[in-house]
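Worksheet: the structure to be examined is printed underneath.
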Amino acid sequence: MDKTFSQWKKQCLNKLDLSKKGSVDEAIKHVVSLINSCEEYFTTSSCSGRVILIDWAPETSDVQKQNCVWLFVSHQKCKSDDLISGLAESSRDAVLKFEPFVLHVQCRRLDDAQLMHSVAINSGFRNSGLTVSKTGKIITAVRSTHGLEVPLSREGKLLVEHEYIHFLTQIANQKMEENFRRIHRFYQNLQSALPTEKLQKLQIPDSPISQELHDSSPRLETVKGEQEEEGKEEKNKTSVYKRRRKREKQYQTDCCHGDGSSSVPELDDCLDLFS
């Protein structure tokens, strides 16, 4: 199994990135680098989080990437003027979305996956899941539920006032700040969970999110209540890791994605799931 895992890892990391962007997002390069430097893990797909304005055909039943035009996309905070400019190009139904950080990690053993899952949960990624495929691939999905999706135009006609777009921009940017906070916490918790001797052998990259969080700290007061609640969980993370073996049976019976799907993306599709 170890040999097979090493082959899977080499195949995936050497594969051409087929996503629309074509590379790992800058805000999570340090996270991806740390995970891929560990022999127990490798990443198969990722997105740091984004604000996206898309134009899609009203006759379709869902907002799918293959049926839409991207009017605006940003992996950082955005300005309302950018959204208004994008909406001016709408000819169909425009939808504003905030999509939070998502990361899929293939793990060597079930114990490794349980550790990654525990780190994700204790970092605020409540919708994270663990899946074991029929071929033996063990995938941990790190993801959140604090998304946003709002229709703004119909057949090219704007449905809301500019004032409401300004308001939505503030909401989306607050969600992006919270998103960065969770990524930073995930990165710190992952380092804490890895054995000291392993960390000493790795080159730990600096987090580019730290300064972003420092600059936006006054605005983070809006989520102070959640911070305090999750801070209590942070104090207990050490005991959580110690108890992970005891909870192995529980995870084995709950190894599915939060959306109810039990499928695992094959390696042929692993790099083009997210842009």
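Residue numbering restarts at 1 in every chain; chains get A, B, ... in the order shown in the structure tokens, and ligands count up from 1 in that same order.
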
- Message: When you look at Leu34 (chain A) with a cut-off of 10 Å (counting only C-alpha atoms), what residues show up, excluding the ones that are within fewer than 2 positions of it in the same chain? I need them as a list of chain:residue names.
- Response: A:Ile28, A:Lys29, A:His30, A:Val31, A:Val32, A:Asn36, A:Ser37, A:Cys38, A:Tyr41, A:Phe42, A:Tyr187, A:Leu190, A:Gln191, A:Leu199, A:Leu202, A:Gln203, A:Ile204, A:Pro205

Resulting file, chosen residues, N, CA, C and O atoms, as a PDB file, in the first residue's frame:
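Output below, filename selection-v5.pdb:
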```
ATOM      1  N   ILE A  28      -2.569  30.251  -0.334  1.00  0.00           N
ATOM      2  CA  ILE A  28      -2.480  28.928   0.303  1.00  0.00           C
ATOM      3  C   ILE A  28      -1.279  28.120  -0.175  1.00  0.00           C
ATOM      4  O   ILE A  28      -1.187  26.926   0.098  1.00  0.00           O
ATOM      5  N   LYS A  29      -0.338  28.767  -0.850  1.00  0.00           N
ATOM      6  CA  LYS A  29       0.856  28.044  -1.296  1.00  0.00           C
ATOM      7  C   LYS A  29       1.615  27.444  -0.114  1.00  0.00           C
ATOM      8  O   LYS A  29       2.163  26.352  -0.202  1.00  0.00           O
ATOM      9  N   HIS A  30       1.663  28.184   1.009  1.00  0.00           N
ATOM     10  CA  HIS A  30       2.383  27.688   2.178  1.00  0.00           C
ATOM     11  C   HIS A  30       1.700  26.455   2.769  1.00  0.00           C
ATOM     12  O   HIS A  30       2.371  25.539   3.243  1.00  0.00           O
ATOM     13  N   VAL A  31       0.362  26.419   2.716  1.00  0.00           N
ATOM     14  CA  VAL A  31      -0.380  25.268   3.224  1.00  0.00           C
ATOM     15  C   VAL A  31      -0.142  24.049   2.342  1.00  0.00           C
ATOM     16  O   VAL A  31       0.166  22.952   2.829  1.00  0.00           O
ATOM     17  N   VAL A  32      -0.276  24.240   1.040  1.00  0.00           N
ATOM     18  CA  VAL A  32      -0.077  23.148   0.079  1.00  0.00           C
ATOM     19  C   VAL A  32       1.360  22.624   0.152  1.00  0.00           C
ATOM     20  O   VAL A  32       1.592  21.414   0.127  1.00  0.00           O
ATOM     21  N   ASN A  36       2.354  18.776   1.141  1.00  0.00           N
ATOM     22  CA  ASN A  36       3.031  17.948   0.141  1.00  0.00           C
ATOM     23  C   ASN A  36       4.445  17.562   0.548  1.00  0.00           C
ATOM     24  O   ASN A  36       5.026  16.624  -0.012  1.00  0.00           O
ATOM     25  N   SER A  37       5.014  18.262   1.528  1.00  0.00           N
ATOM     26  CA  SER A  37       6.350  17.906   2.005  1.00  0.00           C
ATOM     27  C   SER A  37       6.306  16.745   3.000  1.00  0.00           C
ATOM     28  O   SER A  37       7.345  16.191   3.355  1.00  0.00           O
ATOM     29  N   CYS A  38       5.105  16.390   3.450  1.00  0.00           N
ATOM     30  CA  CYS A  38       4.935  15.258   4.367  1.00  0.00           C
ATOM     31  C   CYS A  38       4.712  13.980   3.564  1.00  0.00           C
ATOM     32  O   CYS A  38       3.903  13.973   2.629  1.00  0.00           O
ATOM     33  N   TYR A  41       0.958  12.613   3.078  1.00  0.00           N
ATOM     34  CA  TYR A  41      -0.107  13.372   2.435  1.00  0.00           C
ATOM     35  C   TYR A  41       0.314  13.915   1.072  1.00  0.00           C
ATOM     36  O   TYR A  41       1.496  14.086   0.781  1.00  0.00           O
ATOM     37  N   PHE A  42      -0.706  14.230   0.260  1.00  0.00           N
ATOM     38  CA  PHE A  42      -0.512  15.120  -0.886  1.00  0.00           C
ATOM     39  C   PHE A  42      -1.857  15.718  -1.267  1.00  0.00           C
ATOM     40  O   PHE A  42      -2.920  15.137  -1.032  1.00  0.00           O
ATOM     41  N   TYR A 187      -3.329  26.198   9.294  1.00  0.00           N
ATOM     42  CA  TYR A 187      -1.889  26.057   9.079  1.00  0.00           C
ATOM     43  C   TYR A 187      -1.153  25.913  10.411  1.00  0.00           C
ATOM     44  O   TYR A 187      -0.277  25.051  10.570  1.00  0.00           O
ATOM     45  N   LEU A 190      -2.038  22.523  12.047  1.00  0.00           N
ATOM     46  CA  LEU A 190      -1.388  21.407  11.367  1.00  0.00           C
ATOM     47  C   LEU A 190       0.062  21.276  11.823  1.00  0.00           C
ATOM     48  O   LEU A 190       0.550  20.159  12.070  1.00  0.00           O
ATOM     49  N   GLN A 191       0.744  22.404  11.951  1.00  0.00           N
ATOM     50  CA  GLN A 191       2.116  22.358  12.457  1.00  0.00           C
ATOM     51  C   GLN A 191       2.161  21.797  13.881  1.00  0.00           C
ATOM     52  O   GLN A 191       3.042  21.013  14.219  1.00  0.00           O
ATOM     53  N   LEU A 199       8.790  18.119  11.830  1.00  0.00           N
ATOM     54  CA  LEU A 199       8.853  19.531  11.482  1.00  0.00           C
ATOM     55  C   LEU A 199      10.289  20.008  11.326  1.00  0.00           C
ATOM     56  O   LEU A 199      10.582  20.869  10.495  1.00  0.00           O
ATOM     57  N   LEU A 202      11.502  19.498   7.876  1.00  0.00           N
ATOM     58  CA  LEU A 202      10.795  20.193   6.818  1.00  0.00           C
ATOM     59  C   LEU A 202      11.165  21.670   6.786  1.00  0.00           C
ATOM     60  O   LEU A 202      11.492  22.259   7.808  1.00  0.00           O
ATOM     61  N   GLN A 203      11.081  22.255   5.620  1.00  0.00           N
ATOM     62  CA  GLN A 203      11.247  23.697   5.483  1.00  0.00           C
ATOM     63  C   GLN A 203       9.855  24.324   5.577  1.00  0.00           C
ATOM     64  O   GLN A 203       9.059  24.235   4.651  1.00  0.00           O
ATOM     65  N   ILE A 204       9.555  24.939   6.723  1.00  0.00           N
ATOM     66  CA  ILE A 204       8.225  25.479   6.954  1.00  0.00           C
ATOM     67  C   ILE A 204       8.118  26.867   6.320  1.00  0.00           C
ATOM     68  O   ILE A 204       8.784  27.810   6.753  1.00  0.00           O
ATOM     69  N   PRO A 205       7.288  27.014   5.282  1.00  0.00           N
ATOM     70  CA  PRO A 205       7.151  28.327   4.633  1.00  0.00           C
ATOM     71  C   PRO A 205       6.381  29.300   5.506  1.00  0.00           C
ATOM     72  O   PRO A 205       5.555  28.900   6.337  1.00  0.00           O
TER      73      PRO A 205
END
```

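Taking CA of Gln106 (chain A) and CA of Asp2 (chain A) as endpoints, the distance between them is 12.7 Å.
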
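For the pair CA of Gln7 (chain A) and CA of Gln114 (chain A), the separation is 21.8 Å.
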
- Check the DSSP output for the backbone and give back, as a ChimeraX atom specification, the residues of region 1-197 of chain A in strand (DSSP E or B). /A:41-47,50-56,68-74,93-99,102-107,129-132,138-143,148-151,153-154,157-158

- Message: Report as an NGL selection string all protein, DNA and RNA residues lying within 12 Å of Arg154 (chain A), evaluated on only C-alpha atoms, omitting residues in the same chain fewer than 6 positions from it.
- Response: :A and (55-59 or 87 or 90-95 or 160)

Those residues you just picked out, can you put them in a file as a short mmCIF file (atom, residue, chain, number, x, y, z; two decimals), in the first residue's frame with C-alpha atoms?
```cif
data_model
loop_
_atom_site.label_atom_id
_atom_site.label_comp_id
_atom_site.auth_asym_id
_atom_site.auth_seq_id
_atom_site.Cartn_x
_atom_site.Cartn_y
_atom_site.Cartn_z
CA ASP A 55 -23.44 35.12 -15.95
CA TRP A 56 -25.39 31.95 -16.64
CA ALA A 57 -28.15 30.81 -18.96
CA PRO A 58 -31.59 30.94 -17.28
CA GLU A 59 -32.72 27.75 -19.03
CA LEU A 87 -22.67 43.56 -13.98
CA SER A 90 -24.26 40.86 -18.02
CA SER A 91 -26.58 39.67 -20.77
CA ARG A 92 -28.13 36.71 -18.93
CA ASP A 93 -28.64 36.01 -15.22
CA ALA A 94 -25.79 37.33 -13.06
CA VAL A 95 -25.08 35.72 -9.70
CA VAL A 160 -31.05 45.71 -7.26
#
```

Give me the residues of region 15-59 of chain A that have any atom at most 12 Å from an atom of region 70-85 of chain A; for each, the nearest atom pair and the distance in Å, rounded to one decimal. Use only C-alpha atoms, sort by chain and number, and format it as CSV.
```
residue,atom,partner,partner_atom,distance
A:Lys20,CA,A:Trp70,CA,11.0
A:Lys21,CA,A:Val73,CA,10.7
A:Val24,CA,A:His75,CA,11.3
A:Asp25,CA,A:His75,CA,7.7
A:Glu26,CA,A:His75,CA,8.8
A:Ala27,CA,A:His75,CA,8.2
A:Ile28,CA,A:His75,CA,10.6
A:Cys47,CA,A:His75,CA,8.7
A:Ser48,CA,A:His75,CA,6.8
A:Gly49,CA,A:His75,CA,5.8
A:Arg50,CA,A:His75,CA,4.3
A:Val51,CA,A:Ser74,CA,5.3
A:Ile52,CA,A:Val73,CA,4.3
A:Leu53,CA,A:Phe72,CA,4.9
A:Ile54,CA,A:Trp70,CA,4.6
A:Asp55,CA,A:Trp70,CA,6.4
A:Trp56,CA,A:Trp70,CA,8.8
```

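Among A:Ile183, A:Val150, A:Val132, A:Ala193, the residue with the shortest atom-to-atom distance to Ile171 (chain A), counting only C-alpha atoms, is A:Val150.
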
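For Leu103 (chain A), the non-local neighbours within 6 Å, defined as residues at least 2 positions apart in the same chain or in other chains and counting only C-alpha atoms, are Ser45, Ser46, Ala141 and Val142 of chain A.
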
Just to be explicit: take each residue in the selection above, keep C-alpha atoms, and write the result as a PDB file, in the first residue's frame.
```pdb
ATOM      1  CA  SER A  45      -7.239  20.064  -5.527  1.00  0.00           C
ATOM      2  CA  SER A  46      -7.560  23.400  -3.789  1.00  0.00           C
ATOM      3  CA  ALA A 141     -11.916  17.278   2.329  1.00  0.00           C
ATOM      4  CA  VAL A 142     -11.271  20.523   4.216  1.00  0.00           C
TER       5      VAL A 142
END
```

- Check region 11-180 of chain A with DSSP on the backbone and list each residue it calls helix (DSSP H, G or I), as a ChimeraX atom specification. /A:11-13,26-36,65-67,80-87,110-122,162-180

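The coordinates place CA of Phe180 (chain A) at 19.1 Å from CA of Glu149 (chain A).
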